[in-house]
file my_file.txt (compact mmCIF, C-alpha atoms)
# COMPACT_ATOMS: atom_id res chain seq x y z
CA PRO D 1 11.30 -17.39 -5.65
CA SER D 2 11.40 -20.94 -6.89
CA PRO D 3 13.61 -21.61 -9.91
CA GLY D 4 11.94 -22.11 -13.26
CA PRO D 5 11.72 -25.55 -14.85
CA SER D 6 14.51 -24.77 -17.30
CA SER D 7 16.94 -23.17 -14.82
CA PRO D 8 20.27 -24.91 -14.10
CA ARG D 9 19.29 -25.25 -10.45
CA SER D 10 16.06 -27.00 -11.39
CA ALA D 11 17.83 -29.25 -13.88
CA ALA D 12 20.37 -30.30 -11.25
CA GLY D 13 17.69 -30.82 -8.61
CA PRO D 14 16.91 -34.52 -9.29
CA ALA D 15 20.62 -35.39 -9.35
CA GLN D 16 21.24 -33.58 -6.07
CA ALA D 17 18.28 -35.23 -4.37
CA ALA D 18 19.43 -38.62 -5.71
CA LEU D 19 22.92 -38.09 -4.28
CA GLY D 20 21.28 -37.38 -0.94
CA VAL D 21 19.36 -40.65 -1.17
CA VAL D 22 22.57 -42.59 -1.88
CA ALA D 23 24.23 -40.97 1.15
CA PHE D 24 21.23 -41.75 3.36
CA SER D 25 21.06 -45.36 2.14
CA LEU D 26 24.39 -46.01 3.87
CA THR D 27 23.20 -44.60 7.19
CA PHE D 28 21.73 -47.76 8.70
CA PRO D 29 24.67 -50.05 7.80
CA ALA D 30 27.11 -47.38 9.01
CA THR D 31 25.13 -47.06 12.25
CA VAL D 32 25.35 -50.82 12.80
CA TRP D 33 29.12 -50.55 12.30
CA GLY D 34 29.26 -47.64 14.72
CA LEU D 35 27.34 -49.58 17.37
CA GLU D 36 30.14 -52.18 17.36
CA GLY D 37 32.30 -49.72 19.30
CA PHE D 38 29.99 -47.00 20.64
CA GLY D 39 26.90 -46.96 22.83
CA PRO D 40 23.79 -45.49 21.18
CA TRP D 41 23.86 -42.18 23.05
CA ALA D 42 27.59 -41.77 22.48
CA LEU D 43 27.27 -42.54 18.78
CA VAL D 44 24.39 -40.14 18.16
CA SER D 45 25.86 -37.24 20.14
CA ALA D 46 29.38 -37.74 18.74
CA ARG D 47 28.10 -37.82 15.14
CA SER D 48 26.21 -34.59 15.70
CA VAL D 49 29.21 -32.84 17.30
CA LEU D 50 31.57 -33.92 14.51
CA ALA D 51 29.11 -32.83 11.82
CA ALA D 52 28.60 -29.50 13.62
CA LEU D 53 32.37 -28.92 13.68
CA ILE D 54 32.51 -29.45 9.91
CA ALA D 55 29.50 -27.22 9.30
CA GLY D 56 30.58 -24.58 11.82
CA GLY D 57 34.05 -24.43 10.31
CA ALA D 58 32.55 -23.83 6.86
CA LEU D 59 30.19 -21.15 8.19
CA LEU D 60 33.06 -19.36 9.93
CA ALA D 61 35.48 -19.67 7.02
CA LEU D 62 32.94 -18.17 4.61
CA ARG D 63 31.80 -15.56 7.16
CA VAL D 64 28.16 -16.49 6.71
CA PRO D 65 25.88 -14.08 8.62
CA LEU D 66 23.38 -15.37 11.15
CA PRO D 67 20.01 -16.39 9.68
CA ALA D 68 17.17 -13.90 9.86
CA ARG D 69 14.84 -14.13 12.84
CA ARG D 70 12.06 -15.61 10.69
CA HIS D 71 14.27 -18.62 9.88
CA TRP D 72 15.04 -19.75 13.43
CA ALA D 73 11.74 -21.51 14.15
CA GLY D 74 12.19 -23.67 11.04
CA LEU D 75 15.81 -24.38 11.96
CA VAL D 76 14.66 -25.63 15.37
CA VAL D 77 12.31 -28.09 13.64
CA VAL D 78 15.15 -29.25 11.35
CA ALA D 79 17.44 -29.67 14.37
CA ALA D 80 14.84 -31.60 16.37
CA GLY D 81 13.92 -33.82 13.43
CA VAL D 82 17.02 -34.66 11.42
CA VAL D 83 19.89 -33.74 13.79
CA LEU D 84 18.55 -35.24 17.02
CA GLY D 85 15.28 -37.15 16.66
CA PHE D 86 15.80 -39.38 13.65
CA PRO D 87 19.41 -40.40 14.43
CA LEU D 88 18.64 -41.15 18.08
CA LEU D 89 15.41 -43.09 17.49
CA THR D 90 16.80 -45.18 14.62
CA THR D 91 20.04 -45.89 16.49
CA LEU D 92 18.05 -47.14 19.48
CA ALA D 93 15.95 -49.26 17.11
CA LEU D 94 19.00 -50.76 15.38
CA ARG D 95 20.22 -52.23 18.65
CA THR D 96 17.60 -54.95 18.24
CA SER D 97 16.30 -54.51 14.69
CA THR D 98 17.91 -55.58 11.42
CA THR D 99 18.59 -53.00 8.75
CA ALA D 100 15.89 -54.64 6.61
CA HIS D 101 13.26 -54.11 9.29
CA ALA D 102 14.44 -50.55 9.97
CA ALA D 103 14.06 -49.81 6.26
CA VAL D 104 10.28 -49.90 6.78
CA VAL D 105 10.44 -46.39 8.21
CA VAL D 106 12.37 -45.16 5.17
CA GLY D 107 9.80 -46.76 2.88
CA LEU D 108 7.06 -44.74 4.55
CA LEU D 109 9.08 -41.52 4.76
CA PRO D 110 8.43 -40.19 1.21
CA LEU D 111 4.67 -40.42 1.60
CA THR D 112 4.75 -38.88 5.08
CA THR D 113 6.98 -36.05 3.86
CA ALA D 114 4.64 -35.35 0.94
CA LEU D 115 1.65 -35.29 3.32
CA LEU D 116 3.35 -32.89 5.73
CA SER D 117 4.50 -30.65 2.90
CA ALA D 118 0.93 -30.44 1.61
CA LEU D 119 -0.16 -29.22 5.05
CA ARG D 120 2.86 -26.99 5.74
CA VAL D 121 3.74 -25.32 2.45
CA GLY D 122 0.51 -25.71 0.52
CA ALA D 123 1.77 -28.31 -1.98
CA ARG D 124 -1.08 -29.87 -3.97
CA PRO D 125 0.22 -32.83 -5.99
CA SER D 126 -2.04 -34.35 -8.65
CA ARG D 127 -4.08 -37.53 -8.21
CA THR D 128 -1.65 -39.37 -10.47
CA PHE D 129 1.20 -38.30 -8.18
CA TRP D 130 -0.61 -39.58 -5.09
CA ALA D 131 -1.57 -42.87 -6.74
CA ALA D 132 2.04 -43.54 -7.76
CA ALA D 133 3.34 -42.46 -4.35
CA LEU D 134 0.92 -44.75 -2.52
CA ALA D 135 1.74 -47.65 -4.83
CA GLY D 136 5.47 -47.13 -4.35
CA ALA D 137 5.14 -46.87 -0.60
CA ALA D 138 2.99 -50.01 -0.49
CA ALA D 139 5.55 -51.94 -2.54
CA VAL D 140 8.43 -50.87 -0.30
CA VAL D 141 6.53 -51.58 2.91
CA ALA D 142 5.41 -55.01 1.70
CA PHE D 143 8.96 -55.90 0.72
CA THR D 144 10.64 -54.70 3.90
CA VAL D 145 8.01 -56.23 6.19
CA GLN D 146 8.35 -59.52 4.33
CA GLN D 147 12.13 -59.30 4.79
CA SER D 148 11.70 -58.95 8.54
CA GLY D 149 9.25 -61.83 8.76
CA GLY D 150 6.24 -59.62 9.33
CA ALA D 151 6.83 -59.44 13.07
CA LEU D 152 6.43 -56.21 15.00
CA THR D 153 9.10 -55.49 17.59
CA VAL D 154 9.62 -53.01 20.40
CA ALA D 155 11.90 -51.14 18.00
CA ASP D 156 8.85 -50.24 15.88
CA LEU D 157 7.90 -47.51 18.38
CA TYR D 158 11.29 -45.92 17.81
CA LEU D 159 11.00 -46.35 14.03
CA PHE D 160 7.56 -44.79 13.69
CA GLY D 161 8.57 -41.92 15.94
CA ALA D 162 11.65 -41.41 13.77
CA LEU D 163 9.43 -41.38 10.68
CA LEU D 164 7.32 -38.51 11.96
CA VAL D 165 10.12 -36.28 13.26
CA CYS D 166 12.26 -36.81 10.15
CA ALA D 167 9.40 -35.97 7.78
CA ALA D 168 8.83 -32.74 9.72
CA GLY D 169 12.53 -31.91 9.51
CA TYR D 170 12.65 -32.63 5.78
CA THR D 171 9.60 -30.48 5.14
CA GLU D 172 10.97 -27.50 7.06
CA GLY D 173 14.43 -27.96 5.59
CA GLY D 174 13.08 -28.06 2.05
CA ARG D 175 11.06 -24.91 2.70
CA LEU D 176 14.05 -23.06 4.21
CA ALA D 177 16.31 -24.16 1.34
CA ARG D 178 14.23 -21.95 -0.96
CA GLU D 179 15.61 -18.94 0.93
CA LEU D 180 18.95 -20.19 2.30
CA PRO D 181 21.56 -22.43 0.65
CA GLY D 182 20.93 -26.05 1.62
CA TRP D 183 24.29 -26.44 3.37
CA GLN D 184 23.51 -23.44 5.56
CA VAL D 185 20.16 -24.91 6.58
CA ILE D 186 21.68 -28.10 7.95
CA GLY D 187 24.81 -26.24 9.08
CA TRP D 188 22.94 -23.84 11.34
CA ALA D 189 20.70 -26.66 12.62
CA LEU D 190 23.80 -28.63 13.65
CA VAL D 191 25.41 -25.62 15.33
CA LEU D 192 22.13 -24.89 17.10
CA CYS D 193 22.34 -28.31 18.77
CA LEU D 194 25.90 -27.93 20.10
CA PRO D 195 24.89 -26.68 23.58
CA LEU D 196 23.02 -29.97 23.99
CA THR D 197 25.14 -32.44 22.03
CA VAL D 198 28.54 -31.48 23.49
CA PRO D 199 27.66 -32.21 27.16
CA VAL D 200 25.67 -35.31 26.18
CA ALA D 201 28.65 -36.60 24.18
CA ALA D 202 31.01 -35.94 27.08
CA VAL D 203 28.82 -37.79 29.58
CA ALA D 204 27.97 -40.63 27.19
CA LEU D 205 31.60 -41.29 26.24
CA VAL D 206 32.53 -41.49 29.93
CA HIS D 207 29.68 -43.85 30.84
CA GLN D 208 29.86 -45.80 27.56
CA PRO D 209 33.62 -45.95 26.81
CA PRO D 210 34.14 -46.61 23.08
CA HIS D 211 35.98 -49.64 21.71
CA LEU D 212 37.61 -48.23 18.62
CA GLY D 213 37.96 -50.43 15.55
CA VAL D 214 37.92 -50.05 11.79
CA HIS D 215 34.17 -50.59 11.58
CA SER D 216 33.20 -48.38 14.51
CA VAL D 217 35.40 -45.47 13.39
CA ALA D 218 34.34 -45.75 9.74
CA GLY D 219 30.67 -45.94 10.79
CA LEU D 220 30.97 -42.86 13.00
CA LEU D 221 32.78 -40.85 10.33
CA TRP D 222 30.21 -41.72 7.67
CA VAL D 223 27.11 -40.93 9.74
CA ALA D 224 28.72 -37.65 10.82
CA ALA D 225 30.17 -36.35 7.54
CA GLY D 226 28.13 -38.26 4.96
CA SER D 227 24.67 -38.74 6.45
CA GLN D 228 24.46 -35.83 8.88
CA PHE D 229 26.01 -33.08 6.75
CA LEU D 230 26.98 -33.68 3.10
CA GLY D 231 23.96 -35.87 2.32
CA LEU D 232 21.56 -33.30 3.78
CA VAL D 233 23.29 -30.47 1.90
CA VAL D 234 22.55 -31.98 -1.52
CA TRP D 235 19.17 -33.30 -0.34
CA TYR D 236 17.87 -29.89 0.69
CA ARG D 237 19.24 -28.32 -2.50
CA GLY D 238 17.39 -30.95 -4.51
CA MET D 239 14.14 -30.39 -2.62
CA ALA D 240 14.38 -26.63 -3.12
CA ALA D 241 14.88 -27.11 -6.87
CA ILE D 242 12.22 -29.67 -7.75
CA GLY D 243 9.79 -29.40 -4.84
CA ILE D 244 9.42 -31.35 -1.62
CA PRO D 245 6.82 -33.94 -2.81
CA LYS D 246 8.73 -34.96 -5.96
CA ALA D 247 12.11 -35.06 -4.23
CA SER D 248 10.66 -37.16 -1.41
CA GLN D 249 9.54 -39.83 -3.88
CA LEU D 250 13.14 -40.45 -4.95
CA GLN D 251 13.59 -41.81 -1.45
CA LEU D 252 11.43 -44.78 -2.37
CA ALA D 253 14.63 -46.30 -3.73
CA GLN D 254 16.47 -45.85 -0.43
CA PRO D 255 15.34 -49.05 1.34
CA LEU D 256 16.45 -51.13 -1.63
CA LEU D 257 19.82 -49.40 -1.73
CA THR D 258 20.14 -49.95 2.01
CA LEU D 259 19.48 -53.66 1.53
CA VAL D 260 22.21 -53.83 -1.11
CA TRP D 261 24.66 -52.17 1.27
CA SER D 262 23.55 -54.48 4.10
CA VAL D 263 24.44 -57.49 1.94
CA LEU D 264 27.81 -56.07 0.89
CA LEU D 265 28.82 -54.55 4.23
CA LEU D 266 26.96 -56.57 6.87
CA GLY D 267 26.55 -59.96 5.19
CA GLU D 268 22.76 -59.93 5.46
CA HIS D 269 20.68 -61.94 2.98
CA ILE D 270 17.81 -60.76 0.76
CA THR D 271 15.13 -62.75 -1.07
CA PRO D 272 14.50 -62.94 -4.85
CA ALA D 273 11.67 -60.42 -4.29
CA ALA D 274 14.26 -57.60 -4.30
CA PRO D 275 14.60 -57.13 -8.10
CA LEU D 276 10.82 -57.24 -8.58
CA THR D 277 10.29 -54.63 -5.90
CA ALA D 278 13.09 -52.52 -7.36
CA ALA D 279 11.40 -52.54 -10.77
CA ALA D 280 8.03 -51.54 -9.25
CA VAL D 281 9.62 -48.72 -7.28
CA LEU D 282 11.47 -47.36 -10.32
CA VAL D 283 8.18 -47.25 -12.26
CA CYS D 284 6.51 -45.36 -9.40
CA ILE D 285 9.40 -42.90 -9.20
CA ALA D 286 9.17 -42.27 -12.95
CA VAL D 287 5.43 -41.56 -12.67
CA THR D 288 5.83 -39.17 -9.73
CA GLN D 289 8.56 -37.25 -11.55
CA ARG D 290 6.33 -36.77 -14.60
CA ALA D 291 3.15 -35.96 -12.67
CA ARG D 292 2.55 -32.29 -12.04
CA GLY D 293 2.72 -31.30 -8.38
call {"tool": "encode", "arguments": {"input": "my_file.txt", "output": "structure tokens"}}
result
Amino acid sequence: PSPGPSSPRSAAGPAQAALGVVAFSLTFPATVWGLEGFGPWALVSARSVLAALIAGGALLALRVPLPARRHWAGLVVVAAGVVLGFPLLTTLALRTSTTAHAAVVVGLLPLTTALLSALRVGARPSRTFWAAALAGAAAVVAFTVQQSGGALTVADLYLFGALLVCAAGYTEGGRLARELPGWQVIGWALVLCLPLTVPVAAVALVHQPPHLGVHSVAGLLWVAAGSQFLGLVVWYRGMAAIGIPKASQLQLAQPLLTLVWSVLLLGEHITPAAPLTAAAVLVCIAVTQRARG
């Protein structure tokens, strides 16, 4: 059963989801760092294997039993969406796209996740919720498209594909986290992918030999431990506590956080529109959190 509005789990839900957003906001800059020393296939498969080793070690150490049969179909969706699909498609996109342009997909992700959750788990947010969500998504999309010059690139196919598979993975993960601890949801999804990611990593590292450096190693470690495991642990816990639609709207702040990191870590430049967009997004987030879902 879902926790009540006054339960500790529910009270901690927004903070947990927000921590997940902060972790995810570093993913694109860390991926760009990782691509300095790894090929895209090597980076994606290596991050998944490393994250699976962390998760698998925790599952073994705590002697966590295998999930029930009814959970496996959802875990496959989580694995396909957030373990394989989103990292691979966005990494391929970031070979030619800036982090600002790639942030378009993150700007659309909250609305897409809310839509899928309405279809999948029967969520019925209020009209006020939808109005605020649409306004926030429009603000983020307008800002990020303006940052990229408004031009569509080949990478957009990867980005829009990533948007769809990630929203599906978030929706299933949030649903499963009502029955399983959030870290077990992503942990089992990572382990489930090992028969695929281990051989792919072996082949990719042979055909795309890495050039190790501070940036490439730091980028790989972050996307593996931070983005692929720890961030998803708190994210799924947050979604289970406060609901998928409301948690997804916190992600409206993610593109702006990513742009801040891109300035600090990658030396990219942003326009004066950033603080105005940030203010609009914060208002929309406040409305969605108050609106009944």
call {"tool": "atom_distance", "arguments": {"input": "my_file.txt", "atom1": "atom CA of D:Asp156", "atom2": "atom CA of D:Leu116"}}
result
20.8 Å
call {"tool": "residues_around", "arguments": {"input": "my_file.txt", "residues": "D:Leu157", "least_positions_apart": "5", "cutoff": "12 Å", "atoms": "all atoms listed in the file", "output": "PDB file with C-alpha atoms, keeping the file's coordinate frame"}}
result
ATOM      1  CA  LEU D  89      15.410 -43.090  17.490  1.00  0.00           C
ATOM      2  CA  THR D  90      16.800 -45.180  14.620  1.00  0.00           C
ATOM      3  CA  LEU D  92      18.050 -47.140  19.480  1.00  0.00           C
ATOM      4  CA  ALA D  93      15.950 -49.260  17.110  1.00  0.00           C
ATOM      5  CA  LEU D  94      19.000 -50.760  15.380  1.00  0.00           C
ATOM      6  CA  SER D  97      16.300 -54.510  14.690  1.00  0.00           C
ATOM      7  CA  ALA D 102      14.440 -50.550   9.970  1.00  0.00           C
ATOM      8  CA  VAL D 105      10.440 -46.390   8.210  1.00  0.00           C
ATOM      9  CA  LEU D 152       6.430 -56.210  15.000  1.00  0.00           C
ATOM     10  CA  ALA D 162      11.650 -41.410  13.770  1.00  0.00           C
ATOM     11  CA  LEU D 163       9.430 -41.380  10.680  1.00  0.00           C
ATOM     12  CA  LEU D 164       7.320 -38.510  11.960  1.00  0.00           C
TER      13      LEU D 164
END
call {"tool": "residues_around", "arguments": {"input": "my_file.txt", "residues": "stretch 128-139 of chain D", "least_positions_apart": "2", "cutoff": "10 Å", "atoms": "only C-alpha atoms", "output": "ChimeraX atom specification"}}
result
/D:104,106-112,114-115,124-126,141-144,245-246,248-249,251-253,276-278,280-293
call {"tool": "closest_residue", "arguments": {"input": "my_file.txt", "among": "D:Gly13, D:Gly74, D:Pro195, D:Gly267", "to": "D:Val32", "atoms": "only C-alpha atoms"}}
result
D:Gly267
call {"tool": "atom_distance", "arguments": {"input": "my_file.txt", "atom1": "atom CA of D:Ile54", "atom2": "atom CA of D:Pro209"}}
result
23.6 Å
call {"tool": "closest_residue", "arguments": {"input": "my_file.txt", "among": "D:Gly173, D:Gly150, D:Gly226, D:Gly187", "to": "D:Ala58", "atoms": "all atoms listed in the file"}}
result
D:Gly187
call {"tool": "closest_residue", "arguments": {"input": "my_file.txt", "among": "D:His269, D:Gly238, D:Ala17, D:Pro40", "to": "D:Leu205", "atoms": "all atoms listed in the file"}}
result
D:Pro40
call {"tool": "atom_distance", "arguments": {"input": "my_file.txt", "atom1": "atom CA of D:Phe229", "atom2": "atom CA of D:Ala73"}}
result
19.8 Å
call {"tool": "closest_residue", "arguments": {"input": "my_file.txt", "among": "D:Trp183, D:Tyr158, D:Phe28, D:Trp41", "to": "D:Thr197", "atoms": "all atoms listed in the file"}}
result
D:Trp41
call {"tool": "closest_residue", "arguments": {"input": "my_file.txt", "among": "D:Ile244, D:Val191, D:Val21, D:Val263", "to": "D:Leu60", "atoms": "only C-alpha atoms"}}
result
D:Val191
call {"tool": "closest_residue", "arguments": {"input": "my_file.txt", "among": "D:Val121, D:Val223, D:Leu19, D:Ala177", "to": "D:Val83", "atoms": "all atoms listed in the file"}}
result
D:Val223
call {"tool": "residues_around", "arguments": {"input": "my_file.txt", "residues": "D:His71", "least_positions_apart": "4", "cutoff": "8 Å", "atoms": "only C-alpha atoms", "output": "list in words"}}
result
Pro67, Leu75 and Leu176 of chain D
call {"tool": "residues_around", "arguments": {"input": "my_file.txt", "residues": "D:Leu220", "least_positions_apart": "4", "cutoff": "12 Å", "atoms": "all atoms listed in the file", "output": "PyMOL selection string"}}
result
chain D and resi 26-40+42-51+87+91+210+212-216+224-228
